[in-house]
Every structure is written in structure tokens, then in C-alpha cells.
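File shown: data_22.csv (CSV, C-alpha atoms).
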chain,number,residue,atom,x,y,z
A,918,MET,CA,10.1,-12.3,17.8
A,919,ASN,CA,7.8,-15.1,16.7
A,920,VAL,CA,6.5,-15.1,13.1
A,921,LYS,CA,3.8,-17.4,12.0
A,922,ILE,CA,2.5,-17.6,8.5
A,923,LEU,CA,-0.9,-19.2,8.1
A,924,CYS,CA,-1.9,-20.1,4.6
A,925,VAL,CA,-4.5,-22.0,2.7
A,926,GLY,CA,-3.3,-24.8,0.5
A,927,LYS,CA,0.0,-26.7,-0.1
A,928,ILE,CA,2.9,-25.8,-2.2
A,929,LYS,CA,3.3,-28.3,-5.0
A,930,GLU,CA,5.9,-26.6,-7.2
A,931,LYS,CA,9.5,-27.4,-6.2
A,932,PHE,CA,10.8,-23.9,-7.1
A,933,TYR,CA,8.4,-22.3,-4.6
A,934,ARG,CA,9.4,-24.9,-1.9
A,935,ASP,CA,13.0,-24.1,-2.6
A,936,ALA,CA,12.5,-20.4,-2.3
A,937,ILE,CA,10.4,-20.8,0.9
A,938,SER,CA,13.1,-23.0,2.4
A,939,GLU,CA,15.9,-20.5,1.5
A,940,TYR,CA,14.1,-17.5,3.1
A,941,SER,CA,13.0,-19.6,6.1
A,942,LYS,CA,16.7,-20.5,6.7
A,943,ARG,CA,17.7,-16.9,6.3
A,944,LEU,CA,15.0,-15.7,8.8
A,945,SER,CA,16.1,-18.2,11.4
A,946,LYS,CA,18.8,-15.7,12.5
A,947,TYR,CA,16.2,-13.1,13.3
A,948,CYS,CA,13.0,-14.8,14.5
A,949,SER,CA,11.2,-18.0,15.2
A,950,LEU,CA,9.3,-18.9,12.0
A,951,ASP,CA,6.4,-21.3,11.7
A,952,ILE,CA,4.5,-21.9,8.5
A,953,ILE,CA,1.2,-23.6,8.9
A,954,GLU,CA,-0.8,-24.8,5.9
A,955,VAL,CA,-4.5,-25.6,6.1
A,956,ALA,CA,-6.5,-27.5,3.6
A,957,ASP,CA,-8.2,-25.6,0.8
A,958,GLU,CA,-11.8,-26.3,-0.2
A,959,LYS,CA,-12.6,-27.5,-3.6
A,960,THR,CA,-14.6,-25.0,-5.6
A,961,SER,CA,-16.3,-25.1,-9.0
A,962,GLU,CA,-15.6,-22.5,-11.7
A,963,ASN,CA,-19.1,-21.0,-11.6
A,964,CYS,CA,-19.9,-21.1,-7.9
A,965,SER,CA,-22.4,-18.7,-6.4
A,966,ASP,CA,-21.7,-15.9,-3.9
A,967,THR,CA,-23.2,-18.2,-1.2
A,968,GLU,CA,-20.9,-21.1,-2.2
A,969,ILE,CA,-17.9,-18.7,-2.2
A,970,ASN,CA,-18.8,-17.6,1.4
A,971,ILE,CA,-19.2,-21.2,2.5
A,972,VAL,CA,-15.7,-22.0,1.1
A,973,LYS,CA,-14.1,-19.0,2.7
A,974,ASP,CA,-15.8,-19.7,6.0
A,975,LYS,CA,-14.6,-23.3,6.1
A,976,GLU,CA,-11.0,-22.2,5.3
A,977,GLY,CA,-11.3,-19.3,7.8
A,978,GLU,CA,-12.3,-21.7,10.6
A,979,ARG,CA,-9.2,-23.8,9.8
A,980,LEU,CA,-7.0,-20.8,9.9
A,981,LEU,CA,-8.4,-19.3,13.1
A,982,LYS,CA,-7.7,-22.6,15.0
A,983,HIS,CA,-4.0,-21.6,14.8
A,984,VAL,CA,-4.4,-18.0,16.2
A,985,LYS,CA,-3.8,-17.4,19.9
A,986,ASP,CA,-5.3,-14.5,21.8
A,987,ARG,CA,-1.9,-12.7,22.2
A,988,ASP,CA,-1.1,-12.9,18.5
A,989,TYR,CA,-1.0,-9.8,16.4
A,990,VAL,CA,-2.7,-10.9,13.2
A,991,ILE,CA,-1.9,-9.3,9.9
A,992,ALA,CA,-4.2,-10.3,7.0
A,993,LEU,CA,-2.9,-10.1,3.5
A,994,ALA,CA,-5.8,-8.5,1.6
A,995,ILE,CA,-5.9,-6.6,-1.7
A,996,LEU,CA,-7.6,-3.7,0.0
A,997,GLY,CA,-5.1,-3.6,2.9
A,998,LYS,CA,-2.6,-0.8,3.5
A,999,GLN,CA,0.4,-0.7,1.1
A,1000,HIS,CA,3.9,-0.1,2.4
A,1001,ASP,CA,7.2,0.2,0.7
A,1002,SER,CA,9.9,-2.0,2.1
A,1003,VAL,CA,11.3,0.6,4.5
A,1004,ALA,CA,7.9,1.5,5.8
A,1005,PHE,CA,7.0,-2.2,6.2
A,1006,SER,CA,10.1,-2.7,8.3
A,1007,LYS,CA,9.3,0.3,10.4
A,1008,TYR,CA,5.7,-0.9,10.8
A,1009,ILE,CA,6.9,-4.3,12.2
A,1010,GLU,CA,9.6,-2.6,14.4
A,1011,ASN,CA,7.0,-0.1,15.9
A,1012,LEU,CA,4.6,-3.0,16.6
A,1013,SER,CA,7.5,-4.9,18.4
A,1014,VAL,CA,8.4,-1.8,20.4
A,1015,ALA,CA,4.8,-1.5,21.4
A,1016,GLY,CA,5.0,-5.0,23.0
A,1017,ASN,CA,3.9,-7.3,20.2
A,1018,SER,CA,6.2,-10.3,19.9
A,1019,SER,CA,4.0,-12.8,18.1
A,1020,PHE,CA,3.0,-12.0,14.6
A,1021,VAL,CA,0.7,-14.0,12.4
A,1022,PHE,CA,0.5,-13.3,8.7
A,1023,VAL,CA,-2.6,-14.8,7.0
A,1024,ILE,CA,-2.7,-15.7,3.3
A,1025,GLY,CA,-6.1,-16.8,2.0
A,1026,GLY,CA,-6.9,-19.2,-0.7
A,1027,SER,CA,-8.0,-18.5,-4.2
A,1028,LEU,CA,-11.2,-16.9,-3.0
A,1029,GLY,CA,-9.7,-14.7,-0.3
A,1030,LEU,CA,-10.2,-14.5,3.4
A,1031,SER,CA,-13.4,-15.0,5.3
A,1032,ASP,CA,-15.1,-12.2,7.2
A,1033,SER,CA,-14.2,-13.9,10.5
A,1034,VAL,CA,-10.5,-13.9,9.7
A,1035,MET,CA,-10.7,-10.2,8.6
A,1036,ALA,CA,-12.6,-9.4,11.8
A,1037,ARG,CA,-9.9,-11.1,13.9
A,1038,SER,CA,-7.0,-9.4,12.1
A,1039,ASN,CA,-5.4,-6.5,13.8
A,1040,SER,CA,-4.5,-5.0,10.5
A,1041,GLN,CA,-4.5,-5.7,6.8
A,1042,ILE,CA,-1.7,-5.2,4.4
A,1043,SER,CA,-1.5,-5.4,0.6
A,1044,PHE,CA,1.6,-5.9,-1.5
A,1045,SER,CA,-0.1,-4.7,-4.6
A,1046,LYS,CA,-3.5,-4.1,-6.2
A,1047,MET,CA,-2.7,-7.0,-8.4
A,1048,THR,CA,-3.7,-10.6,-7.6
A,1049,PHE,CA,-0.9,-13.2,-7.0
A,1050,PRO,CA,-1.1,-16.9,-6.7
A,1051,HIS,CA,-1.0,-17.8,-3.0
A,1052,GLN,CA,2.1,-19.9,-3.5
A,1053,LEU,CA,4.0,-16.9,-4.9
A,1054,MET,CA,2.6,-14.6,-2.2
A,1055,ARG,CA,4.2,-16.9,0.4
A,1056,VAL,CA,7.6,-16.4,-1.2
A,1057,ILE,CA,7.1,-12.6,-1.6
A,1058,LEU,CA,5.9,-12.3,2.1
A,1059,LEU,CA,8.9,-14.2,3.4
A,1060,GLU,CA,11.3,-12.2,1.3
A,1061,GLN,CA,9.8,-8.9,2.6
A,1062,ILE,CA,9.9,-10.1,6.2
A,1063,TYR,CA,13.6,-11.0,5.7
A,1064,ARG,CA,14.2,-7.7,4.0
A,1065,SER,CA,12.5,-5.9,6.9
A,1066,MET,CA,14.7,-7.7,9.5
A,1067,ARG,CA,17.8,-6.7,7.6
A,1068,ILE,CA,16.7,-3.1,7.5
A,1069,MET,CA,15.8,-3.1,11.2
A,1070,ASN,CA,19.3,-4.4,12.0
A,1071,ASN,CA,21.0,-1.9,9.7
A,1072,GLU,CA,22.4,-4.7,7.6
A,1073,PRO,CA,23.1,-4.5,3.9
A,1074,TYR,CA,20.5,-6.1,1.7
A,1075,HIS,CA,18.0,-3.5,0.9
A,1076,LYS,CA,19.0,-1.5,-2.1
Using the file provided, produce a representation of the structure as C-alpha cells.
Amino acid sequence: MNVKILCVGKIKEKFYRDAISEYSKRLSKYCSLDIIEVADEKTSENCSDTEINIVKDKEGERLLKHVKDRDYVIALAILGKQHDSVAFSKYIENLSVAGNSSFVFVIGGSLGLSDSVMARSNSQISFSKMTFPHQLMRVILLEQIYRSMRIMNNEPYHK
């Protein structure tokens, strides 16, 4: 299984980088993992809806350059479907059994994902109705992918 995480912005905080490194190392037993960061657009505090869409479109173009035709794209979106950990694991397992082997998870920047990224996605998931910093979301996503791999392989971890 190939897992790619596309995300907007760089991780600046060492504690996030350390957590990402730890889960990346753990996941290496189960899948090929690639994390790709694209540049974020600078935005002002009081930008208009038009400016917001321009920013999201630019970031979306950068993200979509890393998506291949065969990729199964899962956008992280606040209005996406919510799963518990077991259901998320089953969801990934069912997609794999159906012939999908290349998964791309997309994490947007502070303004969210563009319409073009949402249109390209095969599905959208949400980890909560709450909003999280994209740096923290990367850690949460990696942990949940790791947890799902452990569940799929009937290995202890999920409690």
C-alpha cells in the first residue's frame, strides 16, 4: 500500500516534527509513506471571499500537481464523513480489497481546500467538527493511519 499525505505549509515546531517522524517510522512496516508539503499563500486577516478563493485555488493547484490518475484521494474536510478508529480501518481495508493501492490524503491550509481539490477527491473525511491547526492534523492523521494498520493486522494497539 502506498500512502501519500499532501499538505499545505511546513512544520516549524520541533515537537510536531518529532511526532511525525515517529509515526512515519512506525508506518514503514505497513506501507510506503510519502509526505509532500506545498507552499502556503500569505493572507491578510480581513481578506475578502474573492481573496480567500484565490488563495485556496493557488494552494489547490500546487496540491493537485502531486496527484496521479490512479490515486484514491481522500480530502480532510470539516463536512466530511466521520468514522471511529475501527470504522476508519475497515474503510481503508475495504478500499484496498476493491483494488486501491495508492491513497492520497489531502490536508488544506488555514483557509481549507479549493473546489478543484474537493472535486478531484474520491471521498472526504472529517476527524471532528472542530477546527485543528494543520500541523496538528498531520500528526492526528498519521496516528490514525498507524492505528488502522494495527487494527487491520489484528495487532495490539487499539484500546
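Neighbouring residues of Val1003 of chain A at 12 Å or closer, counting only C-alpha atoms and skipping chain neighbours under 4 positions away, are A:Gln999, A:Lys1007, A:Tyr1008, A:Ile1009, A:Glu1010, A:Gln1061, A:Ile1062, A:Tyr1063, A:Arg1064, A:Ser1065, A:Met1066, A:Arg1067, A:Ile1068, A:Met1069, A:Asn1071, A:Tyr1074, A:His1075, A:Lys1076.
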Restricting the output to C-alpha atoms, write the selected residues as a CSV table (one decimal), in the frame of the given file.
chain,number,residue,atom,x,y,z
A,999,GLN,CA,0.4,-0.7,1.1
A,1007,LYS,CA,9.3,0.3,10.4
A,1008,TYR,CA,5.7,-0.9,10.8
A,1009,ILE,CA,6.9,-4.3,12.2
A,1010,GLU,CA,9.6,-2.6,14.4
A,1061,GLN,CA,9.8,-8.9,2.6
A,1062,ILE,CA,9.9,-10.1,6.2
A,1063,TYR,CA,13.6,-11.0,5.7
A,1064,ARG,CA,14.2,-7.7,4.0
A,1065,SER,CA,12.5,-5.9,6.9
A,1066,MET,CA,14.7,-7.7,9.5
A,1067,ARG,CA,17.8,-6.7,7.6
A,1068,ILE,CA,16.7,-3.1,7.5
A,1069,MET,CA,15.8,-3.1,11.2
A,1071,ASN,CA,21.0,-1.9,9.7
A,1074,TYR,CA,20.5,-6.1,1.7
A,1075,HIS,CA,18.0,-3.5,0.9
A,1076,LYS,CA,19.0,-1.5,-2.1
(message) What does the structure give for the distance between atom CA of Asp957 of chain A and atom CA of Glu976 of chain A, in Å to one decimal?
(response) 6.3 Å
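The spacing separating atom CA of Val990 of chain A from atom CA of Val1034 of chain A amounts to 9.1 Å.
You can rank A:Leu944, A:Leu1030, A:Val955, A:Ile922 by their closest distance to Glu1060 of chain A using all atoms listed in the file, and at the top of that list sits A:Leu944.
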(request) For segment 960-963 of chain A, list every protein, DNA or RNA residue within 9 Å, evaluated using only C-alpha atoms, and leave out those in the same chain fewer than 4 positions away; present the list as number ranges by chain. (result) A: 968-969, 972
(message) Can you pull out the residues contacting Ile1024 of chain A? Cut-off 10 Å, using all atoms listed in the file, and skip same-chain residues under 3 positions away; I want them as JSON, numbers by chain.
(response) {"A": [922, 923, 924, 925, 926, 954, 980, 991, 992, 993, 994, 1021, 1027, 1029, 1030, 1051, 1052, 1054, 1055, 1058]}
(message) I'd like the interatomic distance between atom CA of Asp935 of chain A and atom CA of His983 of chain A, to a tenth of an Å.
(response) 24.5 Å
(message) Measuring between only C-alpha atoms, which one of A:Tyr947, A:Leu996, A:Glu1072, A:Ser1013 shows the shortest distance to Ser1040 of chain A?
(response) A:Leu996
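Nearest to Glu958 of chain A of all the residues A:Val1014, A:Leu1028, A:Ser941, A:Phe1005 is A:Leu1028, counting all atoms listed in the file.
For the residues A:Glu930, A:Ser1045, A:Leu1059, A:Asn919, ranking by smallest atom-to-atom distance to Lys942 of chain A using all atoms listed in the file places A:Leu1059 first.
Nearest to Ser1002 of chain A of all the residues A:Ser1038, A:Ser949, A:Ser1043, A:Ser1019 is A:Ser1043, counting only C-alpha atoms.
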(message) Every residue with an atom at most 7 Å from (0.0, -14.1, 16.3) (file coordinates; all atoms listed in the file) is what I'm after, so could you write them as a ChimeraX atom specification?
(response) /A:921,984-985,987-990,1019-1021
(request) Rank nothing, just name the residue among A:Met1035, A:Ile1042, A:Ile971, A:Cys964 nearest to Asp1001 of chain A, using only C-alpha atoms. (result) A:Ile1042
